[in-house]
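Worksheet: one structure, shown below.
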Amino acid sequence: MQTLRASWFGFEKHWLWYRRNWRATAVSSFLSPLLFLLALGLGFGSQVQSTALIGGVPYLQYLAPALVVITAVQGATFESTYAIMSSFLWQKTYIGMVATPITPAQVLYGQVLWIGSQLFARSVVFVVIAAVLGAAASPAILWSVLFATLAGLAFSCPLIAYSATLDKPDSFNTIFRFVLMPMTLFTGAFFPVSQLPDWLLPLVWLTPAWHGIELARGTTFGTLGFLSGLGHTVYLAVLVAVGVVLAARSFRRRLAV
Amino acid sequence: MENLVEAKALTKHFGTFEAVRGIDVEVRKGEAFGFLGPNGAGKSSTMRMISCVSGRTGGDLKVLGMDPDRDGPRIRARIGVVPQLDNLDLELTVRQNLQVYGRYFGMSRQKCREKAVELLEFAQLADRADQEVEPLSGGMKRRLTIARSLVNDPELLLLDEPTTGLDPQARHLLWDRLFRLKQDGVTLIITTHYMDEAEQLCDRLVVMDGGRIAAEGAPSELINRYSTKEVLELRFQPGAEKPDLERFAERVEVLPDRLLLYTQDGEHTLAKVHEHGVQPIQSLVRRSSLEDVFLRLTGRTLVD
């Protein structure tokens, strides 16, 4: 109870910031789904012939639920790298927080709470835009809001644990190029992963994005079996849990010395 | 008299580095207590242990009668911390910084709003209340940091190098605020490597060097104990050999650019030195300060 309250205060701080600066972020969270859906769904999609492999649905509709997930994972990456490092090293706001009754772990929980709600809100915006553009195959696409948030957090939490140990931002670019980029392109958002060489598949199965996309698309088109749905969800939840435990440890090591 | 902080044989190690090597400290209610020492003396490590952020490696520590290892959050709820480096939320306004910080202590929104107004006045930042923090001057940010540390009406306020990097005017303004707090009964613990700050603010202090306490007492007491009433400073041409003047003073310190002659009567000593035919390029008679105490105790100057 105490922990929840303390974490909430950390969340509140971000909310206060957001209320002053929402215009800047609103544009990007509104614009990026719009551009993606227009360019890849309507533009590029107009040249794509639907096949049985993607269930014979229009490419735009095939793409939409997966793009919700991909956008969330991308957003999560940015929220879990420079922003975290700044709070330790540049603005040092975390250091100010632990001088109050708030503990390092509670600082982390507040941060995760904030990132999660950001991902959720942006995913809602995305789904609404998708619906307006006719990219929503069914009302069940609303589920992808949840799964996108979950997949985003499943990548965010372990990444926070890592970012919290760094003194320089150098490795972030490596993560953007060699983890985020391939995870965006090759985890089934734009084409079925069955088109990939077999040896690559185990790597794909490791990514939170693939699990999120399977869940979001599977619920949207009603093709998701109960067991595989459960499996994907559990995998993502475990990533979140392990990430939070590791990140709490990083935060303690960094802040309580 | 009630002690707000009691440390016995307190140590702090970082790996193999021993930052604090067994110190005994007692801070009494209502006093302004100082840790004076050069950078790396272990002052900040000690402060972080007292502020219940960093655990101790060994020894005993009681803050407000509680053990930081067990009651960290409860102790932190009743103390205020001014860190060495400002950690304000640069993208929030001055007022919001105060309000948010109050929330961290679990205060109601209404209470935080009221407290912010009061503290804006205290920090003389009322006219900047709704501007972002980023463009404020160093002195203003420092005042805001101090105001923020008072949001929970702390019984004990810890200030780590409160005026480092500030211009003289900003420093005096800050000192004035700290005097006011002291008058209001807030117990202050200050670390500094400025002797004038320690002399101005502290009722009692310890001189730290290399993780240990070299001496303890009131500033005037320490000066009486470890130095003479006056000091005659003689400056010579750089590189020139300095004359041996031991017999004119109780003690002589040889610094790279000058000699310090410790004596009860500086003018008298200067006259004798002149009589002897020694012609320094510059001479100065001054009262002894904590700087001299530190030099005596450690053989080094405080500010390099």
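Identifiers in this document derive from the order of the structure tokens: chains are assigned A, B, ..., residues are numbered from 1 separately in each chain, and ligands are numbered from 1 in order of occurrence.
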
Chain A residues near chain B (10 Å cut-off, only C-alpha atoms) as a PyMOL selection string: chain A and resi 2+5-10+12-14+16-18+20-21+87-104+252-253+255-257

Could you pull the residues within 7 Å of B:Met208, counting only C-alpha atoms, minus those fewer than 2 positions along the same chain, as JSON, numbers by chain? {"B": [35, 36, 37, 41, 206, 210, 211, 212, 213, 214]}

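Here the question is which of B:Cys202, B:Leu144, B:Ile189, B:Leu136 gets nearest to B:Leu157 using only C-alpha atoms, and that residue is B:Ile189.
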
For each of A:Gly75, A:Pro158, A:Pro208, A:Pro192, take the minimum atom-to-atom distance to A:Arg122, counting only C-alpha atoms, then give the residue where this is smallest.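 When distances to A:Arg122 are compared using only C-alpha atoms, the smallest one comes from A:Gly75.
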
Can you list, as a CSV table (one decimal) with N, CA and C atoms, in the first residue's frame, all residues belonging to stretch 65-227 of chain A that DSSP tags as alpha helix (DSSP H)?
```csv
chain,number,residue,atom,x,y,z
A,65,PRO,N,-3.0,-3.9,-36.5
A,65,PRO,CA,-2.8,-4.3,-35.1
A,65,PRO,C,-1.3,-4.5,-34.8
A,66,ALA,N,-0.5,-4.9,-35.8
A,66,ALA,CA,0.9,-5.1,-35.6
A,66,ALA,C,1.6,-3.8,-35.4
A,67,LEU,N,1.2,-2.8,-36.2
A,67,LEU,CA,1.8,-1.5,-36.1
A,67,LEU,C,1.6,-0.8,-34.7
A,68,VAL,N,0.4,-1.1,-34.1
A,68,VAL,CA,0.1,-0.6,-32.8
A,68,VAL,C,1.2,-1.2,-31.8
A,69,VAL,N,1.5,-2.4,-32.0
A,69,VAL,CA,2.5,-3.1,-31.1
A,69,VAL,C,3.9,-2.5,-31.4
A,70,ILE,N,4.3,-2.4,-32.7
A,70,ILE,CA,5.6,-2.0,-33.1
A,70,ILE,C,5.8,-0.5,-32.6
A,71,THR,N,4.8,0.3,-32.7
A,71,THR,CA,4.9,1.7,-32.2
A,71,THR,C,5.1,1.7,-30.7
A,72,ALA,N,4.4,0.9,-30.0
A,72,ALA,CA,4.6,0.8,-28.6
A,72,ALA,C,6.0,0.4,-28.2
A,73,VAL,N,6.5,-0.6,-28.9
A,73,VAL,CA,7.9,-1.1,-28.6
A,73,VAL,C,8.9,0.0,-28.9
A,74,GLN,N,8.7,0.7,-30.0
A,74,GLN,CA,9.6,1.8,-30.3
A,74,GLN,C,9.5,2.9,-29.2
A,75,GLY,N,8.3,3.3,-28.9
A,75,GLY,CA,8.1,4.3,-27.8
A,75,GLY,C,8.8,3.9,-26.5
A,76,ALA,N,8.6,2.6,-26.2
A,76,ALA,CA,9.2,2.1,-24.9
A,76,ALA,C,10.7,2.2,-25.0
A,77,THR,N,11.3,2.0,-26.1
A,77,THR,CA,12.8,2.1,-26.2
A,77,THR,C,13.3,3.5,-25.9
A,78,PHE,N,12.6,4.4,-26.5
A,78,PHE,CA,13.1,5.8,-26.2
A,78,PHE,C,12.8,6.2,-24.8
A,79,GLU,N,11.7,5.8,-24.2
A,79,GLU,CA,11.4,6.2,-22.8
A,79,GLU,C,12.4,5.4,-21.8
A,82,TYR,N,17.6,7.3,-23.0
A,82,TYR,CA,18.0,8.6,-22.6
A,82,TYR,C,17.3,9.2,-21.4
A,83,ALA,N,16.0,9.0,-21.3
A,83,ALA,CA,15.2,9.5,-20.3
A,83,ALA,C,15.7,9.0,-18.9
A,84,ILE,N,16.0,7.7,-18.9
A,84,ILE,CA,16.4,7.1,-17.6
A,84,ILE,C,17.8,7.7,-17.3
A,85,MET,N,18.7,7.7,-18.3
A,85,MET,CA,20.1,8.1,-18.0
A,85,MET,C,20.1,9.6,-17.5
A,93,THR,N,17.2,13.9,-11.2
A,93,THR,CA,15.9,14.0,-10.5
A,93,THR,C,15.7,12.8,-9.6
A,94,TYR,N,16.2,11.6,-10.0
A,94,TYR,CA,16.1,10.4,-9.1
A,94,TYR,C,16.8,10.6,-7.8
A,95,ILE,N,17.9,11.3,-7.9
A,95,ILE,CA,18.7,11.5,-6.7
A,95,ILE,C,18.0,12.4,-5.7
A,96,GLY,N,17.2,13.4,-6.2
A,96,GLY,CA,16.4,14.2,-5.4
A,96,GLY,C,15.3,13.4,-4.8
A,97,MET,N,14.7,12.5,-5.5
A,97,MET,CA,13.6,11.7,-5.0
A,97,MET,C,13.9,10.8,-3.9
A,104,PRO,N,14.5,3.7,-3.7
A,104,PRO,CA,14.9,3.5,-5.1
A,104,PRO,C,14.0,2.7,-5.9
A,105,ALA,N,13.5,1.6,-5.3
A,105,ALA,CA,12.6,0.7,-6.0
A,105,ALA,C,11.3,1.4,-6.4
A,106,GLN,N,10.8,2.2,-5.4
A,106,GLN,CA,9.6,3.0,-5.7
A,106,GLN,C,9.7,4.0,-6.8
A,107,VAL,N,10.9,4.6,-6.9
A,107,VAL,CA,11.2,5.5,-8.0
A,107,VAL,C,11.0,4.8,-9.3
A,108,LEU,N,11.6,3.5,-9.3
A,108,LEU,CA,11.4,2.7,-10.5
A,108,LEU,C,10.0,2.4,-10.9
A,109,TYR,N,9.2,2.0,-9.8
A,109,TYR,CA,7.8,1.6,-10.1
A,109,TYR,C,7.1,2.8,-10.6
A,110,GLY,N,7.3,4.0,-10.1
A,110,GLY,CA,6.7,5.2,-10.6
A,110,GLY,C,7.0,5.4,-12.1
A,111,GLN,N,8.3,5.2,-12.4
A,111,GLN,CA,8.7,5.4,-13.8
A,111,GLN,C,8.0,4.4,-14.7
A,112,VAL,N,8.0,3.1,-14.3
A,112,VAL,CA,7.3,2.1,-15.1
A,112,VAL,C,5.9,2.4,-15.3
A,113,LEU,N,5.2,2.8,-14.2
A,113,LEU,CA,3.8,3.2,-14.2
A,113,LEU,C,3.6,4.3,-15.3
A,114,TRP,N,4.5,5.2,-15.3
A,114,TRP,CA,4.3,6.3,-16.3
A,114,TRP,C,4.5,5.8,-17.7
A,115,ILE,N,5.6,5.1,-17.9
A,115,ILE,CA,5.8,4.6,-19.3
A,115,ILE,C,4.7,3.7,-19.7
A,116,GLY,N,4.2,2.8,-18.9
A,116,GLY,CA,3.0,2.0,-19.2
A,116,GLY,C,1.8,2.8,-19.6
A,117,SER,N,1.5,3.9,-18.9
A,117,SER,CA,0.3,4.6,-19.2
A,117,SER,C,0.5,5.4,-20.5
A,118,GLN,N,1.8,5.9,-20.7
A,118,GLN,CA,2.1,6.5,-22.0
A,118,GLN,C,1.8,5.6,-23.2
A,119,LEU,N,2.3,4.4,-23.0
A,119,LEU,CA,2.2,3.4,-24.1
A,119,LEU,C,0.7,3.1,-24.3
A,120,PHE,N,0.0,3.0,-23.2
A,120,PHE,CA,-1.5,2.7,-23.3
A,120,PHE,C,-2.2,3.8,-24.1
A,121,ALA,N,-1.9,5.0,-23.6
A,121,ALA,CA,-2.6,6.2,-24.2
A,121,ALA,C,-2.3,6.3,-25.7
A,122,ARG,N,-1.0,6.1,-26.1
A,122,ARG,CA,-0.6,6.3,-27.5
A,122,ARG,C,-1.3,5.1,-28.3
A,123,SER,N,-1.4,4.0,-27.7
A,123,SER,CA,-2.0,2.9,-28.5
A,123,SER,C,-3.4,3.1,-28.7
A,124,VAL,N,-4.1,3.7,-27.7
A,124,VAL,CA,-5.5,4.1,-27.9
A,124,VAL,C,-5.6,5.0,-29.1
A,125,VAL,N,-4.8,6.1,-29.1
A,125,VAL,CA,-4.8,7.0,-30.2
A,125,VAL,C,-4.6,6.3,-31.5
A,126,PHE,N,-3.7,5.4,-31.5
A,126,PHE,CA,-3.3,4.6,-32.8
A,126,PHE,C,-4.6,3.9,-33.3
A,127,VAL,N,-5.2,3.1,-32.4
A,127,VAL,CA,-6.3,2.3,-32.8
A,127,VAL,C,-7.5,3.2,-33.3
A,128,VAL,N,-7.7,4.3,-32.7
A,128,VAL,CA,-8.7,5.3,-33.1
A,128,VAL,C,-8.4,5.7,-34.6
A,129,ILE,N,-7.2,6.1,-34.8
A,129,ILE,CA,-6.8,6.6,-36.1
A,129,ILE,C,-7.0,5.4,-37.1
A,130,ALA,N,-6.6,4.2,-36.7
A,130,ALA,CA,-6.7,3.1,-37.6
A,130,ALA,C,-8.2,2.9,-38.0
A,131,ALA,N,-9.0,3.0,-37.0
A,131,ALA,CA,-10.5,2.8,-37.2
A,131,ALA,C,-11.0,3.8,-38.2
A,132,VAL,N,-10.5,5.1,-38.0
A,132,VAL,CA,-11.0,6.2,-38.9
A,132,VAL,C,-10.5,5.9,-40.4
A,143,TRP,N,-8.2,-4.9,-28.4
A,143,TRP,CA,-7.3,-5.7,-27.6
A,143,TRP,C,-5.8,-5.3,-27.8
A,144,SER,N,-5.5,-4.9,-29.0
A,144,SER,CA,-4.1,-4.6,-29.3
A,144,SER,C,-3.6,-3.5,-28.5
A,145,VAL,N,-4.5,-2.6,-27.9
A,145,VAL,CA,-4.0,-1.6,-27.0
A,145,VAL,C,-3.3,-2.3,-25.8
A,146,LEU,N,-4.0,-3.3,-25.2
A,146,LEU,CA,-3.5,-4.0,-24.1
A,146,LEU,C,-2.2,-4.7,-24.4
A,147,PHE,N,-2.2,-5.4,-25.5
A,147,PHE,CA,-1.0,-6.2,-25.9
A,147,PHE,C,0.2,-5.4,-26.3
A,148,ALA,N,-0.1,-4.3,-26.9
A,148,ALA,CA,1.0,-3.3,-27.3
A,148,ALA,C,1.6,-2.8,-26.0
A,149,THR,N,0.8,-2.4,-25.0
A,149,THR,CA,1.3,-1.9,-23.8
A,149,THR,C,2.2,-3.0,-23.1
A,150,LEU,N,1.6,-4.2,-23.1
A,150,LEU,CA,2.4,-5.3,-22.4
A,150,LEU,C,3.7,-5.6,-23.1
A,151,ALA,N,3.7,-5.6,-24.5
A,151,ALA,CA,4.9,-5.9,-25.2
A,151,ALA,C,5.9,-4.7,-25.0
A,152,GLY,N,5.4,-3.5,-25.0
A,152,GLY,CA,6.2,-2.4,-24.8
A,152,GLY,C,6.9,-2.4,-23.5
A,153,LEU,N,6.2,-2.8,-22.4
A,153,LEU,CA,6.8,-2.9,-21.1
A,153,LEU,C,7.7,-4.0,-21.0
A,154,ALA,N,7.4,-5.1,-21.7
A,154,ALA,CA,8.3,-6.3,-21.7
A,154,ALA,C,9.7,-6.0,-22.3
A,155,PHE,N,9.7,-5.0,-23.2
A,155,PHE,CA,11.0,-4.5,-23.7
A,155,PHE,C,11.6,-3.4,-22.8
A,156,SER,N,10.7,-2.6,-22.3
A,156,SER,CA,11.1,-1.4,-21.6
A,156,SER,C,11.8,-1.8,-20.2
A,157,CYS,N,11.2,-2.7,-19.5
A,157,CYS,CA,11.7,-3.0,-18.1
A,157,CYS,C,13.2,-3.6,-18.1
A,158,PRO,N,13.4,-4.6,-18.9
A,158,PRO,CA,14.8,-5.1,-19.0
A,158,PRO,C,15.8,-4.0,-19.5
A,159,LEU,N,15.3,-3.1,-20.4
A,159,LEU,CA,16.1,-2.1,-21.0
A,159,LEU,C,16.4,-1.0,-19.9
A,160,ILE,N,15.5,-0.7,-19.1
A,160,ILE,CA,15.7,0.2,-18.0
A,160,ILE,C,16.8,-0.3,-17.1
A,161,ALA,N,16.6,-1.6,-16.8
A,161,ALA,CA,17.6,-2.3,-15.9
A,161,ALA,C,19.0,-2.1,-16.4
A,162,TYR,N,19.1,-2.1,-17.8
A,162,TYR,CA,20.5,-2.0,-18.4
A,162,TYR,C,20.9,-0.5,-18.4
A,163,SER,N,20.0,0.4,-18.8
A,163,SER,CA,20.3,1.8,-18.9
A,163,SER,C,20.7,2.4,-17.6
A,170,ASP,N,26.6,6.0,-25.1
A,170,ASP,CA,27.1,5.4,-26.4
A,170,ASP,C,26.4,4.2,-26.9
A,171,SER,N,26.1,3.3,-26.0
A,171,SER,CA,25.5,2.0,-26.4
A,171,SER,C,24.1,2.1,-26.9
A,172,PHE,N,23.5,3.2,-26.6
A,172,PHE,CA,22.1,3.4,-27.0
A,172,PHE,C,21.9,3.3,-28.5
A,173,ASN,N,22.8,3.9,-29.2
A,173,ASN,CA,22.7,3.9,-30.7
A,173,ASN,C,22.8,2.4,-31.2
A,174,THR,N,23.7,1.7,-30.6
A,174,THR,CA,23.8,0.2,-31.0
A,174,THR,C,22.5,-0.5,-30.8
A,175,ILE,N,21.8,-0.1,-29.6
A,175,ILE,CA,20.5,-0.8,-29.4
A,175,ILE,C,19.5,-0.4,-30.4
A,181,MET,N,15.7,-1.8,-34.6
A,181,MET,CA,15.5,-1.8,-36.0
A,181,MET,C,15.1,-3.2,-36.5
A,182,PRO,N,15.9,-4.2,-36.3
A,182,PRO,CA,15.5,-5.6,-36.8
A,182,PRO,C,14.2,-6.0,-36.1
A,183,MET,N,14.0,-5.6,-34.8
A,183,MET,CA,12.8,-6.1,-34.2
A,183,MET,C,11.6,-5.4,-34.8
A,184,THR,N,11.8,-4.2,-35.3
A,184,THR,CA,10.7,-3.6,-36.0
A,184,THR,C,10.4,-4.3,-37.4
A,185,LEU,N,11.4,-4.7,-38.1
A,185,LEU,CA,11.3,-5.1,-39.5
A,185,LEU,C,11.0,-6.6,-39.6
A,201,LEU,N,14.4,-18.0,-36.8
A,201,LEU,CA,13.1,-18.0,-36.1
A,201,LEU,C,13.3,-18.0,-34.5
A,202,PRO,N,14.2,-18.8,-34.0
A,202,PRO,CA,14.4,-18.7,-32.5
A,202,PRO,C,14.7,-17.3,-32.0
A,203,LEU,N,15.4,-16.6,-32.8
A,203,LEU,CA,15.7,-15.2,-32.4
A,203,LEU,C,14.5,-14.3,-32.4
A,204,VAL,N,13.6,-14.6,-33.4
A,204,VAL,CA,12.4,-13.8,-33.5
A,204,VAL,C,11.5,-14.1,-32.3
A,205,TRP,N,11.5,-15.4,-31.9
A,205,TRP,CA,10.6,-15.8,-30.8
A,205,TRP,C,11.0,-15.2,-29.5
A,206,LEU,N,12.3,-14.8,-29.4
A,206,LEU,CA,12.8,-14.1,-28.2
A,206,LEU,C,12.2,-12.7,-28.0
A,208,PRO,N,10.0,-9.5,-27.6
A,208,PRO,CA,8.6,-9.1,-27.2
A,208,PRO,C,7.7,-8.7,-28.3
A,209,ALA,N,8.3,-8.1,-29.3
A,209,ALA,CA,7.5,-7.6,-30.4
A,209,ALA,C,6.7,-8.7,-31.1
A,210,TRP,N,7.4,-9.8,-31.4
A,210,TRP,CA,6.7,-10.9,-32.1
A,210,TRP,C,5.5,-11.4,-31.3
A,211,HIS,N,5.7,-11.6,-29.9
A,211,HIS,CA,4.7,-12.1,-29.1
A,211,HIS,C,3.5,-11.1,-29.1
A,212,GLY,N,3.8,-9.8,-29.0
A,212,GLY,CA,2.8,-8.8,-29.0
A,212,GLY,C,2.0,-8.8,-30.3
A,213,ILE,N,2.7,-8.9,-31.4
A,213,ILE,CA,2.1,-8.9,-32.7
A,213,ILE,C,1.2,-10.1,-32.8
A,214,GLU,N,1.7,-11.3,-32.4
A,214,GLU,CA,0.8,-12.5,-32.5
A,214,GLU,C,-0.5,-12.3,-31.7
A,215,LEU,N,-0.3,-11.7,-30.5
A,215,LEU,CA,-1.5,-11.5,-29.7
A,215,LEU,C,-2.5,-10.5,-30.3
A,216,ALA,N,-1.9,-9.4,-30.7
A,216,ALA,CA,-2.8,-8.3,-31.3
A,216,ALA,C,-3.5,-8.7,-32.5
A,217,ARG,N,-2.7,-9.3,-33.4
A,217,ARG,CA,-3.3,-9.7,-34.7
A,217,ARG,C,-4.3,-10.9,-34.5
A,218,GLY,N,-3.8,-11.8,-33.7
A,218,GLY,CA,-4.7,-13.0,-33.4
A,218,GLY,C,-6.0,-12.6,-32.8
A,219,THR,N,-6.1,-11.7,-31.9
A,219,THR,CA,-7.4,-11.3,-31.4
A,219,THR,C,-8.2,-10.5,-32.4
A,220,THR,N,-7.5,-9.6,-33.1
A,220,THR,CA,-8.2,-8.8,-34.1
A,220,THR,C,-9.0,-9.7,-35.1
A,226,PHE,N,-6.6,-20.4,-27.5
A,226,PHE,CA,-6.4,-20.0,-26.0
A,226,PHE,C,-5.1,-20.3,-25.5
A,227,LEU,N,-4.5,-21.5,-25.8
A,227,LEU,CA,-3.2,-21.8,-25.3
A,227,LEU,C,-2.1,-21.0,-25.8
```
